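Q: Input file: run_31.txt. Contents: compact mmCIF, N, CA and C atoms.
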```
# COMPACT_ATOMS: atom_id res chain seq x y z
N MET A 195 0.85 -1.17 0.00
CA MET A 195 0.00 0.00 0.00
C MET A 195 0.89 1.24 0.00
N GLN A 196 0.58 2.17 -0.85
CA GLN A 196 1.41 3.37 -1.01
C GLN A 196 0.94 4.46 -0.05
N SER A 197 1.87 5.11 0.62
CA SER A 197 1.50 6.19 1.53
C SER A 197 1.28 7.48 0.76
N LEU A 198 0.53 8.38 1.34
CA LEU A 198 0.22 9.66 0.70
C LEU A 198 1.35 10.65 0.95
N ASN A 199 1.66 11.42 -0.10
CA ASN A 199 2.66 12.48 0.10
C ASN A 199 1.99 13.71 0.69
N THR A 200 2.74 14.73 1.02
CA THR A 200 2.23 15.93 1.68
C THR A 200 1.16 16.62 0.85
N PHE A 201 1.37 16.73 -0.44
CA PHE A 201 0.41 17.39 -1.32
C PHE A 201 -0.92 16.62 -1.30
N GLN A 202 -0.87 15.30 -1.39
CA GLN A 202 -2.08 14.49 -1.40
C GLN A 202 -2.81 14.59 -0.06
N MET A 203 -2.04 14.65 1.03
CA MET A 203 -2.65 14.78 2.36
C MET A 203 -3.40 16.12 2.48
N LYS A 204 -2.76 17.20 1.99
CA LYS A 204 -3.40 18.51 2.04
C LYS A 204 -4.68 18.50 1.20
N LYS A 205 -4.58 17.90 0.04
CA LYS A 205 -5.73 17.82 -0.86
C LYS A 205 -6.87 17.03 -0.21
N LEU A 206 -6.55 15.92 0.41
CA LEU A 206 -7.54 15.10 1.09
C LEU A 206 -8.16 15.87 2.26
N PHE A 207 -7.35 16.56 3.04
CA PHE A 207 -7.83 17.34 4.16
C PHE A 207 -8.80 18.43 3.69
N ILE A 208 -8.44 19.13 2.63
CA ILE A 208 -9.30 20.20 2.11
C ILE A 208 -10.62 19.64 1.61
N CYS A 209 -10.57 18.52 0.92
CA CYS A 209 -11.80 17.89 0.42
C CYS A 209 -12.72 17.49 1.57
N LEU A 210 -12.16 16.88 2.60
CA LEU A 210 -12.96 16.49 3.76
C LEU A 210 -13.54 17.70 4.47
N TRP A 211 -12.76 18.74 4.59
CA TRP A 211 -13.21 19.96 5.24
C TRP A 211 -14.39 20.57 4.48
N VAL A 212 -14.29 20.61 3.14
CA VAL A 212 -15.37 21.16 2.30
C VAL A 212 -16.62 20.31 2.42
N ILE A 213 -16.47 19.00 2.38
CA ILE A 213 -17.63 18.10 2.47
C ILE A 213 -18.33 18.25 3.82
N LEU A 214 -17.58 18.24 4.88
CA LEU A 214 -18.18 18.39 6.21
C LEU A 214 -18.81 19.77 6.39
N GLY A 215 -18.16 20.79 5.90
CA GLY A 215 -18.70 22.15 5.99
C GLY A 215 -19.99 22.29 5.21
N ALA A 216 -20.04 21.70 4.03
CA ALA A 216 -21.25 21.77 3.20
C ALA A 216 -22.40 21.03 3.87
N GLY A 217 -22.10 19.91 4.49
CA GLY A 217 -23.13 19.15 5.19
C GLY A 217 -23.72 19.95 6.34
N HIS A 218 -22.88 20.62 7.08
CA HIS A 218 -23.35 21.44 8.20
C HIS A 218 -24.21 22.60 7.69
N TRP A 219 -23.80 23.26 6.61
CA TRP A 219 -24.54 24.37 6.04
C TRP A 219 -25.91 23.90 5.55
N THR A 220 -25.96 22.72 4.91
CA THR A 220 -27.22 22.18 4.42
C THR A 220 -28.17 21.91 5.57
N PHE A 221 -27.67 21.35 6.66
CA PHE A 221 -28.51 21.08 7.82
C PHE A 221 -29.05 22.38 8.41
N ALA A 222 -28.22 23.39 8.49
CA ALA A 222 -28.66 24.68 9.04
C ALA A 222 -29.75 25.29 8.17
N GLN A 223 -29.59 25.21 6.86
CA GLN A 223 -30.62 25.73 5.96
C GLN A 223 -31.92 24.97 6.15
N SER A 224 -31.84 23.66 6.32
CA SER A 224 -33.02 22.83 6.50
C SER A 224 -33.76 23.21 7.78
N ALA A 225 -33.02 23.43 8.86
CA ALA A 225 -33.64 23.81 10.13
C ALA A 225 -34.31 25.18 10.02
N ASP A 226 -33.65 26.12 9.34
CA ASP A 226 -34.23 27.45 9.14
C ASP A 226 -35.51 27.36 8.32
N THR A 227 -35.48 26.57 7.26
CA THR A 227 -36.65 26.41 6.40
C THR A 227 -37.79 25.76 7.16
N GLU A 228 -37.47 24.76 7.96
CA GLU A 228 -38.50 24.09 8.75
C GLU A 228 -39.16 25.07 9.72
N GLN A 229 -38.38 25.93 10.34
CA GLN A 229 -38.94 26.91 11.27
C GLN A 229 -39.81 27.93 10.53
N GLU A 230 -39.38 28.34 9.34
CA GLU A 230 -40.18 29.29 8.54
C GLU A 230 -41.54 28.68 8.20
N ILE A 231 -41.55 27.40 7.85
CA ILE A 231 -42.81 26.72 7.51
C ILE A 231 -43.71 26.64 8.73
N LYS A 232 -43.14 26.31 9.89
CA LYS A 232 -43.94 26.25 11.12
C LYS A 232 -44.52 27.62 11.45
N ASP A 233 -43.71 28.67 11.31
CA ASP A 233 -44.18 30.02 11.61
C ASP A 233 -45.31 30.43 10.66
N LEU A 234 -45.14 30.13 9.38
CA LEU A 234 -46.17 30.47 8.39
C LEU A 234 -47.45 29.69 8.67
N SER A 235 -47.33 28.44 9.04
CA SER A 235 -48.50 27.64 9.36
C SER A 235 -49.25 28.23 10.55
N GLU A 236 -48.52 28.64 11.56
CA GLU A 236 -49.14 29.27 12.73
C GLU A 236 -49.85 30.56 12.34
N GLN A 237 -49.19 31.37 11.50
CA GLN A 237 -49.81 32.62 11.03
C GLN A 237 -51.08 32.32 10.23
N LYS A 238 -51.00 31.30 9.36
CA LYS A 238 -52.14 30.95 8.53
C LYS A 238 -53.35 30.60 9.39
N TRP A 239 -53.16 29.80 10.42
CA TRP A 239 -54.27 29.44 11.30
C TRP A 239 -54.83 30.67 12.00
N GLN A 240 -53.98 31.58 12.39
CA GLN A 240 -54.45 32.80 13.05
C GLN A 240 -55.23 33.66 12.07
N TRP A 241 -54.74 33.77 10.84
CA TRP A 241 -55.45 34.55 9.82
C TRP A 241 -56.83 33.94 9.54
N MET A 242 -56.90 32.62 9.53
CA MET A 242 -58.18 31.96 9.31
C MET A 242 -59.12 32.26 10.47
N ALA A 243 -58.64 32.17 11.70
CA ALA A 243 -59.48 32.45 12.87
C ALA A 243 -59.93 33.91 12.88
N ASP A 244 -59.07 34.81 12.39
CA ASP A 244 -59.39 36.25 12.34
C ASP A 244 -60.20 36.62 11.09
N LYS A 245 -60.44 35.65 10.21
CA LYS A 245 -61.15 35.87 8.92
C LYS A 245 -60.40 36.87 8.03
N ASN A 246 -59.08 36.86 8.09
CA ASN A 246 -58.25 37.79 7.32
C ASN A 246 -57.93 37.18 5.96
N VAL A 247 -58.91 37.29 5.04
CA VAL A 247 -58.73 36.66 3.73
C VAL A 247 -57.70 37.40 2.86
N GLU A 248 -57.44 38.66 3.17
CA GLU A 248 -56.42 39.40 2.40
C GLU A 248 -55.04 38.80 2.61
N LYS A 249 -54.75 38.33 3.82
CA LYS A 249 -53.47 37.68 4.10
C LYS A 249 -53.44 36.25 3.56
N LEU A 250 -54.59 35.58 3.56
CA LEU A 250 -54.66 34.19 3.12
C LEU A 250 -54.61 34.06 1.59
N GLU A 251 -55.19 35.00 0.89
CA GLU A 251 -55.34 34.91 -0.57
C GLU A 251 -54.03 34.58 -1.30
N PRO A 252 -52.90 35.23 -0.98
CA PRO A 252 -51.67 34.91 -1.71
C PRO A 252 -51.11 33.51 -1.38
N LEU A 253 -51.55 32.91 -0.27
CA LEU A 253 -51.04 31.58 0.08
C LEU A 253 -51.64 30.47 -0.77
N PHE A 254 -52.83 30.71 -1.30
CA PHE A 254 -53.53 29.67 -2.05
C PHE A 254 -53.34 29.88 -3.55
N HIS A 255 -52.93 28.84 -4.24
CA HIS A 255 -52.77 28.89 -5.69
C HIS A 255 -54.14 29.13 -6.34
N ASP A 256 -54.15 29.89 -7.43
CA ASP A 256 -55.41 30.22 -8.09
C ASP A 256 -56.20 28.99 -8.55
N GLU A 257 -55.51 27.90 -8.85
CA GLU A 257 -56.18 26.69 -9.33
C GLU A 257 -56.32 25.63 -8.24
N SER A 258 -56.10 26.01 -6.99
CA SER A 258 -56.19 25.04 -5.90
C SER A 258 -57.64 24.62 -5.68
N LYS A 259 -57.80 23.42 -5.13
CA LYS A 259 -59.12 22.90 -4.79
C LYS A 259 -59.09 22.49 -3.33
N PHE A 260 -60.18 22.75 -2.64
CA PHE A 260 -60.30 22.46 -1.22
C PHE A 260 -61.35 21.38 -1.05
N VAL A 261 -60.98 20.33 -0.36
CA VAL A 261 -61.88 19.19 -0.16
C VAL A 261 -62.23 19.09 1.32
N HIS A 262 -63.52 19.10 1.57
CA HIS A 262 -64.03 18.99 2.93
C HIS A 262 -65.09 17.90 2.96
N MET A 263 -65.56 17.56 4.13
CA MET A 263 -66.60 16.53 4.23
C MET A 263 -67.86 16.91 3.49
N SER A 264 -68.15 18.21 3.42
CA SER A 264 -69.39 18.66 2.79
C SER A 264 -69.26 18.94 1.30
N GLY A 265 -68.07 18.78 0.74
CA GLY A 265 -67.89 19.00 -0.69
C GLY A 265 -66.51 19.52 -1.02
N SER A 266 -66.35 19.94 -2.27
CA SER A 266 -65.07 20.51 -2.69
C SER A 266 -65.34 21.74 -3.54
N TRP A 267 -64.43 22.68 -3.50
CA TRP A 267 -64.58 23.92 -4.23
C TRP A 267 -63.22 24.55 -4.45
N LYS A 268 -63.24 25.67 -5.18
CA LYS A 268 -62.00 26.35 -5.53
C LYS A 268 -61.67 27.46 -4.54
N LYS A 269 -60.57 28.13 -4.82
CA LYS A 269 -60.00 29.15 -3.93
C LYS A 269 -61.01 30.23 -3.54
N ASP A 270 -61.70 30.80 -4.52
CA ASP A 270 -62.61 31.91 -4.23
C ASP A 270 -63.69 31.51 -3.23
N ARG A 271 -64.25 30.31 -3.42
CA ARG A 271 -65.30 29.84 -2.51
C ARG A 271 -64.73 29.57 -1.12
N GLU A 272 -63.53 29.02 -1.04
CA GLU A 272 -62.90 28.77 0.25
C GLU A 272 -62.72 30.07 1.03
N LEU A 273 -62.25 31.10 0.33
CA LEU A 273 -62.05 32.40 0.99
C LEU A 273 -63.39 33.00 1.43
N GLU A 274 -64.44 32.82 0.62
CA GLU A 274 -65.77 33.30 1.01
C GLU A 274 -66.25 32.61 2.29
N ILE A 275 -66.03 31.31 2.36
CA ILE A 275 -66.45 30.55 3.53
C ILE A 275 -65.69 31.01 4.77
N ILE A 276 -64.40 31.21 4.63
CA ILE A 276 -63.60 31.67 5.77
C ILE A 276 -64.07 33.05 6.22
N GLU A 277 -64.29 33.93 5.26
CA GLU A 277 -64.70 35.30 5.58
C GLU A 277 -66.08 35.35 6.22
N SER A 278 -66.97 34.50 5.76
CA SER A 278 -68.34 34.53 6.28
C SER A 278 -68.47 33.79 7.61
N ALA A 279 -67.44 33.09 8.00
CA ALA A 279 -67.45 32.30 9.24
C ALA A 279 -68.60 31.30 9.23
N ALA A 280 -68.77 30.62 8.08
CA ALA A 280 -69.80 29.60 7.97
C ALA A 280 -69.54 28.45 8.94
N PHE A 281 -68.32 28.35 9.39
CA PHE A 281 -67.96 27.38 10.42
C PHE A 281 -66.89 28.03 11.29
N GLY A 282 -66.80 27.61 12.51
CA GLY A 282 -65.83 28.20 13.42
C GLY A 282 -64.43 27.68 13.18
N ILE A 283 -63.48 28.57 13.12
CA ILE A 283 -62.08 28.18 12.96
C ILE A 283 -61.36 28.56 14.24
N LYS A 284 -60.69 27.59 14.81
CA LYS A 284 -59.91 27.84 16.00
C LYS A 284 -58.45 27.51 15.70
N THR A 285 -57.56 28.27 16.27
CA THR A 285 -56.15 27.97 16.06
C THR A 285 -55.81 26.69 16.82
N PRO A 286 -54.88 25.90 16.28
CA PRO A 286 -54.46 24.69 16.98
C PRO A 286 -53.88 25.05 18.35
N LEU A 287 -54.13 24.21 19.32
CA LEU A 287 -53.64 24.46 20.67
C LEU A 287 -52.12 24.32 20.74
N CYS A 288 -51.59 23.42 19.95
CA CYS A 288 -50.15 23.16 20.04
C CYS A 288 -49.57 23.09 18.63
N MET A 289 -48.67 23.99 18.33
CA MET A 289 -48.00 23.97 17.03
C MET A 289 -46.59 23.44 17.26
N THR A 290 -46.33 22.20 16.81
CA THR A 290 -44.99 21.65 16.99
C THR A 290 -44.34 21.39 15.68
```
Can you give me the file's structure in the form of structure tokens?
A:
Amino acid sequence: MQSLNTFQMKKLFICLWVILGAGHWTFAQSADTEQEIKDLSEQKWQWMADKNVEKLEPLFHDESKFVHMSGSWKKDRELEIIESAAFGIKTPLCMT
């Protein structure tokens, strides 16, 4: 088995350092993204409870469909239902 020379050792060390550093950065980005999604979800529930359809409107795709036990409909009808408070919306007790 051939031993590594100084240049090869430096090259190997740099490669390992870059790989480990990139892995740590990716994990940090993932944790930040996960927290942003949780925060947005919490805001969305509050906006629904407050009947704030102006804040909710940009969250829903124009071609989205909403399916409930009583039927299914598109974005405009969903926002009308939220605004009219046809049913009570309560924020979740625990957002984890």
Q: Could you name the residues that touch Lys268 in chain A at 6.5 Å or less, counting all atoms listed in the file, but leaving out those on the same chain fewer than 4 positions away, as a list in words?
A: Glu257, Ser258, Lys259, Phe260, Glu272 and Leu273 of chain A
Q: Could you tell me how far CA of Gln237 in chain A sits from CA of Ser266 in chain A, in Å to one decimal place?
A: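 Separating CA of Ser266 in chain A from CA of Gln237 in chain A is a distance of 23.8 Å.
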Q: Atom C of Ile276 in chain A and atom N of Lys245 in chain A are how many Å apart?
A: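 These two atoms are separated by 6.0 Å.
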